[in-house]
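**Student:** The structure file start-v6.cif (mmCIF, N, CA and C atoms) is provided below.
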```cif
data_query
loop_
_atom_site.label_atom_id
_atom_site.label_comp_id
_atom_site.auth_asym_id
_atom_site.auth_seq_id
_atom_site.Cartn_x
_atom_site.Cartn_y
_atom_site.Cartn_z
N MET A 1 -67.46 123.12 -67.70
CA MET A 1 -66.41 123.95 -68.21
C MET A 1 -65.49 124.37 -67.08
N ILE A 2 -64.23 124.17 -67.27
CA ILE A 2 -63.20 124.66 -66.35
C ILE A 2 -62.17 125.36 -67.22
N ARG A 3 -61.92 126.62 -66.90
CA ARG A 3 -61.01 127.38 -67.75
C ARG A 3 -60.23 128.39 -66.93
N LEU A 4 -58.96 128.55 -67.27
CA LEU A 4 -58.11 129.60 -66.73
C LEU A 4 -57.96 130.65 -67.82
N THR A 5 -57.89 131.93 -67.40
CA THR A 5 -57.73 132.99 -68.39
C THR A 5 -56.90 134.13 -67.82
N PHE A 6 -56.11 134.74 -68.68
CA PHE A 6 -55.38 135.96 -68.33
C PHE A 6 -56.27 137.19 -68.54
N ASP A 7 -57.36 137.02 -69.26
CA ASP A 7 -58.20 138.14 -69.67
C ASP A 7 -59.31 138.45 -68.67
N PRO A 8 -59.61 139.73 -68.49
CA PRO A 8 -60.78 140.10 -67.68
C PRO A 8 -62.04 139.47 -68.28
N PHE A 9 -63.05 139.26 -67.45
CA PHE A 9 -64.29 138.65 -67.92
C PHE A 9 -65.49 139.35 -67.30
N ASP A 10 -66.63 139.15 -67.92
CA ASP A 10 -67.90 139.73 -67.48
C ASP A 10 -68.73 138.63 -66.83
N PRO A 11 -68.84 138.61 -65.49
CA PRO A 11 -69.59 137.55 -64.83
C PRO A 11 -71.06 137.49 -65.25
N GLY A 12 -71.66 138.65 -65.52
CA GLY A 12 -73.05 138.66 -65.95
C GLY A 12 -73.25 137.94 -67.27
N ALA A 13 -72.35 138.18 -68.21
CA ALA A 13 -72.43 137.50 -69.51
C ALA A 13 -72.21 136.00 -69.35
N LEU A 14 -71.27 135.63 -68.47
CA LEU A 14 -71.03 134.20 -68.24
C LEU A 14 -72.27 133.53 -67.64
N LEU A 15 -72.91 134.21 -66.68
CA LEU A 15 -74.10 133.65 -66.05
C LEU A 15 -75.24 133.53 -67.05
N THR A 16 -75.43 134.55 -67.86
CA THR A 16 -76.48 134.50 -68.89
C THR A 16 -76.26 133.31 -69.82
N GLU A 17 -75.04 133.12 -70.26
CA GLU A 17 -74.73 132.00 -71.17
C GLU A 17 -74.91 130.66 -70.47
N PHE A 18 -74.51 130.59 -69.21
CA PHE A 18 -74.64 129.34 -68.45
C PHE A 18 -76.10 128.95 -68.28
N CYS A 19 -76.98 129.92 -68.11
CA CYS A 19 -78.42 129.66 -67.89
C CYS A 19 -79.17 129.33 -69.17
N ARG A 20 -78.64 129.71 -70.29
CA ARG A 20 -79.33 129.56 -71.57
C ARG A 20 -79.72 128.10 -71.86
N GLY A 21 -81.00 127.91 -72.17
CA GLY A 21 -81.49 126.61 -72.62
C GLY A 21 -81.66 125.56 -71.53
N ARG A 22 -81.69 125.94 -70.30
CA ARG A 22 -81.79 124.97 -69.21
C ARG A 22 -83.25 124.79 -68.77
N SER A 23 -84.03 124.13 -69.58
CA SER A 23 -85.46 123.99 -69.29
C SER A 23 -85.76 122.92 -68.23
N GLU A 24 -84.82 122.07 -67.91
CA GLU A 24 -85.04 121.03 -66.90
C GLU A 24 -84.31 121.29 -65.59
N VAL A 25 -83.62 122.41 -65.51
CA VAL A 25 -82.89 122.78 -64.31
C VAL A 25 -83.77 123.68 -63.47
N GLY A 26 -83.87 123.40 -62.19
CA GLY A 26 -84.69 124.22 -61.31
C GLY A 26 -83.93 125.33 -60.63
N ALA A 27 -82.59 125.25 -60.63
CA ALA A 27 -81.81 126.27 -59.91
C ALA A 27 -80.42 126.42 -60.52
N VAL A 28 -79.98 127.66 -60.55
CA VAL A 28 -78.60 127.98 -60.89
C VAL A 28 -78.10 128.90 -59.78
N ALA A 29 -76.96 128.55 -59.20
CA ALA A 29 -76.32 129.40 -58.21
C ALA A 29 -74.97 129.82 -58.78
N SER A 30 -74.56 131.02 -58.44
CA SER A 30 -73.25 131.47 -58.93
C SER A 30 -72.55 132.29 -57.86
N PHE A 31 -71.25 132.37 -58.03
CA PHE A 31 -70.40 133.17 -57.15
C PHE A 31 -69.35 133.85 -58.01
N THR A 32 -69.11 135.12 -57.74
CA THR A 32 -68.03 135.85 -58.38
C THR A 32 -67.14 136.42 -57.29
N GLY A 33 -65.88 136.05 -57.32
CA GLY A 33 -64.90 136.59 -56.39
C GLY A 33 -64.21 137.78 -57.04
N ILE A 34 -64.03 138.85 -56.29
CA ILE A 34 -63.47 140.09 -56.80
C ILE A 34 -62.20 140.43 -56.01
N ALA A 35 -61.17 140.89 -56.70
CA ALA A 35 -59.92 141.29 -56.04
C ALA A 35 -60.17 142.52 -55.17
N ARG A 36 -59.67 142.48 -53.95
CA ARG A 36 -59.82 143.58 -53.00
C ARG A 36 -58.57 144.46 -52.97
N ALA A 37 -58.78 145.74 -52.69
CA ALA A 37 -57.67 146.69 -52.56
C ALA A 37 -57.06 146.64 -51.17
N GLU A 38 -57.77 146.06 -50.20
CA GLU A 38 -57.27 145.98 -48.82
C GLU A 38 -56.85 147.36 -48.32
N ALA A 39 -57.73 148.33 -48.49
CA ALA A 39 -57.50 149.71 -48.03
C ALA A 39 -56.20 150.29 -48.56
N GLY A 40 -55.87 149.97 -49.80
CA GLY A 40 -54.66 150.50 -50.43
C GLY A 40 -53.43 149.65 -50.26
N ALA A 41 -53.53 148.58 -49.47
CA ALA A 41 -52.37 147.71 -49.24
C ALA A 41 -52.09 146.81 -50.45
N THR A 42 -53.09 146.63 -51.31
CA THR A 42 -52.92 145.78 -52.49
C THR A 42 -53.23 146.59 -53.74
N VAL A 43 -52.25 146.72 -54.61
CA VAL A 43 -52.46 147.42 -55.88
C VAL A 43 -52.66 146.43 -57.02
N ALA A 44 -52.27 145.17 -56.80
CA ALA A 44 -52.52 144.10 -57.77
C ALA A 44 -52.42 142.77 -57.06
N LEU A 45 -53.23 141.86 -57.53
CA LEU A 45 -53.18 140.47 -57.09
C LEU A 45 -52.61 139.68 -58.26
N GLU A 46 -51.70 138.78 -57.98
CA GLU A 46 -51.10 137.98 -59.05
C GLU A 46 -51.29 136.51 -58.72
N LEU A 47 -51.85 135.77 -59.67
CA LEU A 47 -52.08 134.35 -59.50
C LEU A 47 -51.29 133.57 -60.55
N GLU A 48 -50.61 132.54 -60.09
CA GLU A 48 -49.88 131.65 -60.97
C GLU A 48 -50.50 130.26 -60.91
N ALA A 49 -50.42 129.55 -62.01
CA ALA A 49 -50.94 128.19 -62.10
C ALA A 49 -50.11 127.42 -63.12
N TYR A 50 -50.20 126.10 -63.08
CA TYR A 50 -49.59 125.26 -64.10
C TYR A 50 -50.68 124.87 -65.08
N PRO A 51 -50.67 125.45 -66.29
CA PRO A 51 -51.71 125.11 -67.28
C PRO A 51 -51.77 123.60 -67.50
N GLY A 52 -52.96 123.10 -67.60
CA GLY A 52 -53.17 121.67 -67.77
C GLY A 52 -53.31 120.99 -66.42
N PHE A 53 -52.31 121.11 -65.58
CA PHE A 53 -52.34 120.48 -64.26
C PHE A 53 -53.42 121.12 -63.38
N THR A 54 -53.44 122.45 -63.32
CA THR A 54 -54.39 123.14 -62.45
C THR A 54 -55.82 122.81 -62.86
N GLU A 55 -56.13 122.87 -64.15
CA GLU A 55 -57.48 122.54 -64.61
C GLU A 55 -57.84 121.09 -64.29
N ALA A 56 -56.89 120.18 -64.45
CA ALA A 56 -57.15 118.76 -64.16
C ALA A 56 -57.46 118.55 -62.68
N GLU A 57 -56.73 119.21 -61.81
CA GLU A 57 -56.97 119.08 -60.37
C GLU A 57 -58.32 119.68 -59.98
N ILE A 58 -58.65 120.83 -60.55
CA ILE A 58 -59.97 121.42 -60.31
C ILE A 58 -61.05 120.50 -60.85
N GLY A 59 -60.79 119.90 -62.00
CA GLY A 59 -61.76 118.98 -62.61
C GLY A 59 -62.09 117.79 -61.71
N LYS A 60 -61.09 117.28 -61.00
CA LYS A 60 -61.33 116.15 -60.10
C LYS A 60 -62.32 116.53 -59.01
N ILE A 61 -62.12 117.68 -58.37
CA ILE A 61 -63.03 118.07 -57.30
C ILE A 61 -64.38 118.47 -57.87
N ALA A 62 -64.40 119.09 -59.04
CA ALA A 62 -65.67 119.48 -59.66
C ALA A 62 -66.49 118.26 -60.05
N ASP A 63 -65.85 117.23 -60.57
CA ASP A 63 -66.58 116.00 -60.90
C ASP A 63 -67.13 115.35 -59.64
N GLY A 64 -66.35 115.41 -58.55
CA GLY A 64 -66.85 114.90 -57.28
C GLY A 64 -68.04 115.69 -56.78
N ALA A 65 -68.00 117.01 -56.95
CA ALA A 65 -69.13 117.87 -56.55
C ALA A 65 -70.35 117.56 -57.40
N LYS A 66 -70.13 117.30 -58.67
CA LYS A 66 -71.25 116.98 -59.57
C LYS A 66 -71.99 115.73 -59.08
N ALA A 67 -71.24 114.74 -58.68
CA ALA A 67 -71.86 113.51 -58.16
C ALA A 67 -72.45 113.73 -56.77
N ARG A 68 -71.71 114.37 -55.91
CA ARG A 68 -72.14 114.57 -54.52
C ARG A 68 -73.45 115.36 -54.41
N PHE A 69 -73.59 116.39 -55.26
CA PHE A 69 -74.75 117.28 -55.18
C PHE A 69 -75.75 117.06 -56.31
N ALA A 70 -75.56 116.01 -57.09
CA ALA A 70 -76.44 115.69 -58.21
C ALA A 70 -76.60 116.90 -59.14
N LEU A 71 -75.48 117.50 -59.50
CA LEU A 71 -75.52 118.65 -60.39
C LEU A 71 -75.80 118.22 -61.82
N ASP A 72 -76.50 119.08 -62.52
CA ASP A 72 -76.66 118.89 -63.96
C ASP A 72 -75.42 119.40 -64.68
N ASP A 73 -74.82 120.47 -64.14
CA ASP A 73 -73.68 121.08 -64.80
C ASP A 73 -72.97 122.04 -63.85
N PHE A 74 -71.79 122.46 -64.24
CA PHE A 74 -71.03 123.48 -63.50
C PHE A 74 -70.15 124.23 -64.47
N ALA A 75 -69.72 125.41 -64.05
CA ALA A 75 -68.76 126.20 -64.82
C ALA A 75 -67.82 126.86 -63.83
N ILE A 76 -66.54 126.82 -64.13
CA ILE A 76 -65.53 127.48 -63.29
C ILE A 76 -64.58 128.21 -64.22
N LEU A 77 -64.47 129.52 -64.02
CA LEU A 77 -63.52 130.34 -64.76
C LEU A 77 -62.67 131.07 -63.73
N HIS A 78 -61.36 130.95 -63.85
CA HIS A 78 -60.45 131.55 -62.86
C HIS A 78 -59.39 132.35 -63.58
N ARG A 79 -59.19 133.58 -63.13
CA ARG A 79 -58.13 134.41 -63.68
C ARG A 79 -56.78 133.95 -63.18
N VAL A 80 -55.78 134.19 -63.99
CA VAL A 80 -54.38 134.05 -63.62
C VAL A 80 -53.67 135.31 -64.13
N GLY A 81 -52.46 135.53 -63.66
CA GLY A 81 -51.75 136.74 -64.03
C GLY A 81 -52.06 137.85 -63.04
N LYS A 82 -51.79 139.08 -63.45
CA LYS A 82 -52.03 140.24 -62.57
C LYS A 82 -53.47 140.72 -62.72
N ILE A 83 -54.09 140.98 -61.56
CA ILE A 83 -55.49 141.37 -61.50
C ILE A 83 -55.59 142.62 -60.63
N ALA A 84 -56.26 143.64 -61.13
CA ALA A 84 -56.41 144.89 -60.39
C ALA A 84 -57.55 144.79 -59.39
N PRO A 85 -57.48 145.52 -58.28
CA PRO A 85 -58.60 145.56 -57.35
C PRO A 85 -59.89 145.97 -58.08
N GLY A 86 -60.97 145.29 -57.71
CA GLY A 86 -62.26 145.54 -58.33
C GLY A 86 -62.56 144.65 -59.51
N GLU A 87 -61.54 143.94 -60.03
CA GLU A 87 -61.77 143.04 -61.16
C GLU A 87 -62.16 141.65 -60.65
N PRO A 88 -63.05 140.97 -61.38
CA PRO A 88 -63.38 139.59 -61.02
C PRO A 88 -62.17 138.67 -61.13
N VAL A 89 -62.06 137.79 -60.15
CA VAL A 89 -60.97 136.81 -60.11
C VAL A 89 -61.48 135.42 -60.48
N VAL A 90 -62.66 135.08 -59.97
CA VAL A 90 -63.20 133.73 -60.17
C VAL A 90 -64.70 133.80 -60.36
N PHE A 91 -65.19 132.91 -61.21
CA PHE A 91 -66.63 132.75 -61.44
C PHE A 91 -66.94 131.27 -61.33
N VAL A 92 -67.91 130.94 -60.49
CA VAL A 92 -68.38 129.56 -60.35
C VAL A 92 -69.89 129.57 -60.51
N ALA A 93 -70.40 128.67 -61.33
CA ALA A 93 -71.85 128.50 -61.47
C ALA A 93 -72.17 127.01 -61.38
N THR A 94 -73.29 126.71 -60.74
CA THR A 94 -73.76 125.34 -60.62
C THR A 94 -75.23 125.28 -61.03
N ALA A 95 -75.59 124.20 -61.68
CA ALA A 95 -76.98 123.99 -62.10
C ALA A 95 -77.46 122.66 -61.54
N ALA A 96 -78.64 122.69 -60.92
CA ALA A 96 -79.20 121.48 -60.32
C ALA A 96 -80.73 121.55 -60.40
N ARG A 97 -81.36 120.43 -60.12
CA ARG A 97 -82.83 120.41 -60.13
C ARG A 97 -83.40 121.22 -58.98
N HIS A 98 -82.66 121.32 -57.87
CA HIS A 98 -83.16 122.00 -56.69
C HIS A 98 -82.14 123.01 -56.17
N ARG A 99 -82.64 124.08 -55.55
CA ARG A 99 -81.80 125.20 -55.13
C ARG A 99 -80.75 124.82 -54.09
N ARG A 100 -81.11 124.00 -53.11
CA ARG A 100 -80.16 123.67 -52.05
C ARG A 100 -78.91 123.02 -52.64
N ALA A 101 -79.10 122.09 -53.56
CA ALA A 101 -77.95 121.43 -54.18
C ALA A 101 -77.09 122.43 -54.95
N ALA A 102 -77.73 123.34 -55.68
CA ALA A 102 -76.98 124.34 -56.45
C ALA A 102 -76.19 125.26 -55.52
N PHE A 103 -76.84 125.74 -54.44
CA PHE A 103 -76.15 126.61 -53.47
C PHE A 103 -74.98 125.89 -52.81
N GLU A 104 -75.24 124.69 -52.30
CA GLU A 104 -74.20 123.97 -51.57
C GLU A 104 -73.03 123.58 -52.46
N ALA A 105 -73.32 123.18 -53.68
CA ALA A 105 -72.24 122.81 -54.60
C ALA A 105 -71.37 124.02 -54.93
N CYS A 106 -71.99 125.17 -55.12
CA CYS A 106 -71.25 126.39 -55.41
C CYS A 106 -70.34 126.74 -54.22
N ASP A 107 -70.89 126.65 -53.02
CA ASP A 107 -70.13 126.92 -51.80
C ASP A 107 -68.98 125.93 -51.64
N PHE A 108 -69.26 124.66 -51.85
CA PHE A 108 -68.26 123.61 -51.77
C PHE A 108 -67.11 123.88 -52.74
N LEU A 109 -67.44 124.19 -54.00
CA LEU A 109 -66.41 124.43 -55.00
C LEU A 109 -65.56 125.65 -54.64
N MET A 110 -66.18 126.71 -54.14
CA MET A 110 -65.40 127.88 -53.75
C MET A 110 -64.50 127.59 -52.56
N ASP A 111 -64.98 126.81 -51.60
CA ASP A 111 -64.13 126.45 -50.46
C ASP A 111 -62.90 125.68 -50.94
N TYR A 112 -63.08 124.79 -51.90
CA TYR A 112 -61.95 124.05 -52.46
C TYR A 112 -61.01 125.00 -53.21
N LEU A 113 -61.57 125.84 -54.07
CA LEU A 113 -60.74 126.74 -54.87
C LEU A 113 -59.91 127.66 -53.97
N LYS A 114 -60.49 128.11 -52.89
CA LYS A 114 -59.81 129.04 -51.98
C LYS A 114 -58.68 128.38 -51.20
N SER A 115 -58.84 127.10 -50.87
CA SER A 115 -57.90 126.44 -49.96
C SER A 115 -56.95 125.43 -50.59
N LYS A 116 -57.43 124.71 -51.61
CA LYS A 116 -56.66 123.56 -52.09
C LYS A 116 -56.28 123.59 -53.56
N ALA A 117 -56.95 124.39 -54.35
CA ALA A 117 -56.63 124.39 -55.79
C ALA A 117 -55.19 124.84 -55.99
N PRO A 118 -54.51 124.26 -56.97
CA PRO A 118 -53.10 124.57 -57.18
C PRO A 118 -52.89 125.93 -57.87
N PHE A 119 -53.05 126.98 -57.06
CA PHE A 119 -52.73 128.34 -57.47
C PHE A 119 -51.72 128.89 -56.49
N TRP A 120 -50.87 129.79 -56.96
CA TRP A 120 -49.93 130.48 -56.10
C TRP A 120 -50.28 131.96 -56.21
N LYS A 121 -50.53 132.57 -55.04
CA LYS A 121 -51.08 133.92 -55.00
C LYS A 121 -50.09 134.88 -54.36
N LYS A 122 -49.93 136.02 -55.03
CA LYS A 122 -49.04 137.07 -54.54
C LYS A 122 -49.80 138.39 -54.56
N GLU A 123 -49.67 139.16 -53.48
CA GLU A 123 -50.25 140.50 -53.43
C GLU A 123 -49.12 141.52 -53.62
N HIS A 124 -49.36 142.47 -54.52
CA HIS A 124 -48.41 143.56 -54.76
C HIS A 124 -48.97 144.82 -54.11
N GLY A 125 -48.13 145.50 -53.34
CA GLY A 125 -48.57 146.72 -52.67
C GLY A 125 -47.47 147.75 -52.62
N PRO A 126 -47.73 148.87 -51.97
CA PRO A 126 -46.74 149.94 -51.86
C PRO A 126 -45.43 149.50 -51.21
N ASP A 127 -45.51 148.48 -50.34
CA ASP A 127 -44.31 148.00 -49.66
C ASP A 127 -43.66 146.80 -50.35
N GLY A 128 -44.10 146.49 -51.56
CA GLY A 128 -43.54 145.37 -52.30
C GLY A 128 -44.55 144.24 -52.45
N ALA A 129 -44.05 143.06 -52.77
CA ALA A 129 -44.90 141.90 -53.01
C ALA A 129 -44.73 140.88 -51.89
N ARG A 130 -45.82 140.15 -51.64
CA ARG A 130 -45.75 139.07 -50.65
C ARG A 130 -46.65 137.92 -51.10
N TRP A 131 -46.17 136.71 -50.87
CA TRP A 131 -46.95 135.51 -51.17
C TRP A 131 -48.06 135.37 -50.13
N VAL A 132 -49.20 134.90 -50.55
CA VAL A 132 -50.36 134.77 -49.68
C VAL A 132 -50.75 133.30 -49.58
N GLU A 133 -50.94 132.84 -48.37
CA GLU A 133 -51.39 131.47 -48.11
C GLU A 133 -52.86 131.51 -47.68
N PRO A 134 -53.58 130.39 -47.82
CA PRO A 134 -54.96 130.36 -47.31
C PRO A 134 -54.97 130.63 -45.81
N ARG A 135 -56.00 131.34 -45.36
CA ARG A 135 -56.15 131.67 -43.95
C ARG A 135 -56.69 130.45 -43.18
N ALA A 136 -56.61 130.50 -41.87
CA ALA A 136 -57.16 129.42 -41.04
C ALA A 136 -58.66 129.25 -41.32
N GLN A 137 -59.36 130.37 -41.51
CA GLN A 137 -60.79 130.28 -41.80
C GLN A 137 -61.06 129.58 -43.13
N ASP A 138 -60.19 129.77 -44.11
CA ASP A 138 -60.35 129.08 -45.39
C ASP A 138 -60.26 127.56 -45.20
N HIS A 139 -59.29 127.14 -44.39
CA HIS A 139 -59.15 125.70 -44.12
C HIS A 139 -60.34 125.17 -43.32
N ALA A 140 -60.83 125.96 -42.38
CA ALA A 140 -61.99 125.56 -41.59
C ALA A 140 -63.23 125.44 -42.48
N ASP A 141 -63.38 126.36 -43.40
CA ASP A 141 -64.51 126.30 -44.33
C ASP A 141 -64.47 125.00 -45.14
N LEU A 142 -63.31 124.63 -45.60
CA LEU A 142 -63.18 123.40 -46.38
C LEU A 142 -63.41 122.16 -45.52
N LYS A 143 -62.90 122.20 -44.30
CA LYS A 143 -62.99 121.04 -43.40
C LYS A 143 -64.45 120.68 -43.08
N ARG A 144 -65.33 121.65 -43.04
CA ARG A 144 -66.73 121.34 -42.69
C ARG A 144 -67.37 120.37 -43.69
N TRP A 145 -66.87 120.36 -44.94
CA TRP A 145 -67.43 119.43 -45.93
C TRP A 145 -67.02 117.99 -45.64
N GLU A 146 -65.90 117.82 -44.96
CA GLU A 146 -65.45 116.47 -44.61
C GLU A 146 -66.37 115.85 -43.56
N LYS A 147 -66.99 116.69 -42.74
CA LYS A 147 -67.87 116.23 -41.67
C LYS A 147 -69.25 115.84 -42.17
N GLU A 148 -69.66 116.44 -43.29
CA GLU A 148 -70.99 116.17 -43.82
C GLU A 148 -71.00 114.90 -44.65
N THR A 149 -72.10 114.21 -44.62
CA THR A 149 -72.24 112.99 -45.39
C THR A 149 -72.52 113.31 -46.84
N SER A 150 -72.26 112.36 -47.70
CA SER A 150 -72.55 112.54 -49.12
C SER A 150 -74.04 112.66 -49.35
N ARG A 151 -74.38 113.33 -50.40
CA ARG A 151 -75.79 113.53 -50.76
C ARG A 151 -76.32 112.31 -51.48
#
```
Take the structure in the file and write it out as structure tokens.
**Tutor:**
Amino acid sequence: MIRLTFDPFDPGALLTEFCRGRSEVGAVASFTGIARAEAGATVALELEAYPGFTEAEIGKIADGAKARFALDDFAILHRVGKIAPGEPVVFVATAARHRRAAFEACDFLMDYLKSKAPFWKKEHGPDGARWVEPRAQDHADLKRWEKETSR
């Protein structure tokens, strides 16, 4: 499942649903990203995407992760629109026979989502709005996967 939503979501409910009925899966790993207030510098985070295109691009990397890490399944839910500090922005879950694959696939997918997924991010604060680009560390996090061999 790959989905974009304007609506707030409950990561716990998503994880419970994702785990339901998985009698042959040995591990589920998940990550929830939450909007930060940045000590009052951010009053809202705004994410833009191209519906259809963004999901398709995420789908390409997610399908690659599924093969690379021998995943049984994955789920990615990403907010778009205005998001208040403290609200979940992204939920990623991976299911695999073994924990290492589930953890690594979840990490891999988040590194991609943070650096390369086609989202445009703007932070709104007391001094106005500013566009946000991935940090050098975000690119470095993604680059480490290029150095590792396929599973």
**Student:** Taking all atoms listed in the file into account, name the residue in A:Ala56, A:Ala65, A:Ala41, A:Ala29 that is nearest to Asp127 (chain A).
**Tutor:**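 Result for the nearest residue to Asp127 (chain A): A:Ala41.
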**Student:** For a quick check of your reading of the model, name the residues lying within 8 Å of the coordinate (-58.1, 124.2, -49.4), counting only N, CA and C atoms, and write them as number ranges by chain.
**Tutor:** A: 110-117, 134, 138-143
**Student:** Which residue out of A:Ala105, A:Leu14, A:Ala27, A:Ile2 has the minimum interatomic distance to Lys66 (chain A) when all atoms listed in the file are used?
**Tutor:**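 That would be A:Ala105, the residue with the smallest distance to Lys66 (chain A).
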**Student:** So how far away is CA of Ser30 (chain A) from CA of Met1 (chain A), in Å?
**Tutor:**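 That distance, rounded to one decimal, is 13.8 Å.
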**Student:** Which is closer to Ala93 (chain A) than all the others in A:Ala136, A:Phe119, A:Thr16, A:Phe31, using all atoms listed in the file?
**Tutor:**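 Looking only at the distances to Ala93 (chain A), the closest residue turns out to be A:Phe31.
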**Student:** First collect every listed atom of region 38-49 of chain A; then fit an axis-aligned box around them, widen it by 3 Å on each side, and give centre and edge lengths in Å to one decimal, as JSON.
**Tutor:**
```
{"center_x": -53.8, "center_y": 139.0, "center_z": -55.6, "size_x": 13.9, "size_y": 29.1, "size_z": 21.1}
```
**Student:** Calculated over only C-alpha atoms, which of the candidates A:Glu133, A:Glu24, A:Glu48, A:Asp7 has the smallest distance to Ala95 (chain A)?
**Tutor:**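 Checking each of A:Glu133, A:Glu24, A:Glu48, A:Asp7 against Ala95 (chain A), counting only C-alpha atoms, the winner is A:Glu24.
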**Student:** On this structure, the PyMOL selection byres ((chain A and resi 70-75) around 8) would catch which residues? List them as number ranges by chain, sorted by chain and number.
**Tutor:** A: 1-3, 18, 25, 62, 64-69, 76-78, 91-98, 101-102, 105, 151
**Student:** Can you list, as a PyMOL selection string, every protein, DNA or RNA residue that comes within 7 Å of Thr42 (chain A) when you count only N, CA and C atoms, leaving out same-chain residues fewer than 6 positions away?
**Tutor:** chain A and resi 36+85+123-126
**Student:** Using all atoms listed in the file, which protein or nucleic acid residues come within 5 Å of Ile34 (chain A)? Drop anything in the same chain fewer than 5 positions from it, and give the result as a list in words.
**Tutor:**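 Once the nearby chain positions are removed, what remains is Glu87, Pro88 and Val89 of chain A.
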**Student:** Just say which residues the PyMOL selection byres ((chain A and resi 132) around 8) picks in this file, as a ChimeraX atom specification.
**Tutor:** /A:120-123,129-131,133-135
**Student:** According to DSSP computed on the backbone, where in chain A is there strand (DSSP E or B)? Give the residues as JSON, numbers by chain.
**Tutor:** {"A": [2, 3, 4, 5, 27, 28, 29, 30, 31, 32, 33, 34, 44, 45, 46, 47, 48, 49, 71, 72, 73, 74, 75, 76, 77, 78, 79, 81, 82, 83, 88, 89, 90, 91, 92, 93, 94, 95, 96, 119, 120, 121, 122, 123, 124, 125, 128, 129, 130, 131, 132]}
**Student:** Which distance in Å separates atom C of Pro11 (chain A) and CA of Arg100 (chain A), to one decimal?
**Tutor:** 21.2 Å
**Student:** Given the choices A:Ile58, A:Cys19, A:Ala35, A:Leu4, which gets closest to Arg79 (chain A) if the distance is worked out from only C-alpha atoms?
**Tutor:** A:Leu4
**Student:** Quick one: pick out all alpha helix (DSSP H) residues within region 26-59 of chain A from a backbone DSSP run and write them as a list in words.
**Tutor:** Phe53, Thr54, Glu55, Ala56, Glu57, Ile58 and Gly59 of chain A
**Student:** Would you export the selected residues with N, CA and C atoms as a PDB file, in the frame of the given file, please?
**Tutor:**
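Okay, this is what ended up in again.pdb:
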```pdb
ATOM      1  N   PHE A  53     -52.310 121.110 -65.580  1.00  0.00           N
ATOM      2  CA  PHE A  53     -52.340 120.480 -64.260  1.00  0.00           C
ATOM      3  C   PHE A  53     -53.420 121.120 -63.380  1.00  0.00           C
ATOM      4  N   THR A  54     -53.440 122.450 -63.320  1.00  0.00           N
ATOM      5  CA  THR A  54     -54.390 123.140 -62.450  1.00  0.00           C
ATOM      6  C   THR A  54     -55.820 122.810 -62.860  1.00  0.00           C
ATOM      7  N   GLU A  55     -56.130 122.870 -64.150  1.00  0.00           N
ATOM      8  CA  GLU A  55     -57.480 122.540 -64.610  1.00  0.00           C
ATOM      9  C   GLU A  55     -57.840 121.090 -64.290  1.00  0.00           C
ATOM     10  N   ALA A  56     -56.890 120.180 -64.450  1.00  0.00           N
ATOM     11  CA  ALA A  56     -57.150 118.760 -64.160  1.00  0.00           C
ATOM     12  C   ALA A  56     -57.460 118.550 -62.680  1.00  0.00           C
ATOM     13  N   GLU A  57     -56.730 119.210 -61.810  1.00  0.00           N
ATOM     14  CA  GLU A  57     -56.970 119.080 -60.370  1.00  0.00           C
ATOM     15  C   GLU A  57     -58.320 119.680 -59.980  1.00  0.00           C
ATOM     16  N   ILE A  58     -58.650 120.830 -60.550  1.00  0.00           N
ATOM     17  CA  ILE A  58     -59.970 121.420 -60.310  1.00  0.00           C
ATOM     18  C   ILE A  58     -61.050 120.500 -60.850  1.00  0.00           C
ATOM     19  N   GLY A  59     -60.790 119.900 -62.000  1.00  0.00           N
ATOM     20  CA  GLY A  59     -61.760 118.980 -62.610  1.00  0.00           C
ATOM     21  C   GLY A  59     -62.090 117.790 -61.710  1.00  0.00           C
TER      22      GLY A  59
END
```
**Student:** Nearest to Leu15 (chain A) among A:Leu109, A:Leu45, A:Val28, A:Ile61, with distances taken over only C-alpha atoms: which residue is it?
**Tutor:**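 The shortest atom-to-atom distance to Leu15 (chain A) comes from A:Val28.
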**Student:** Measure the distance from CA of Thr54 (chain A) to atom N of Phe9 (chain A) in Å and round it to one decimal.
**Tutor:**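 Between these atoms lies a distance of 19.0 Å.
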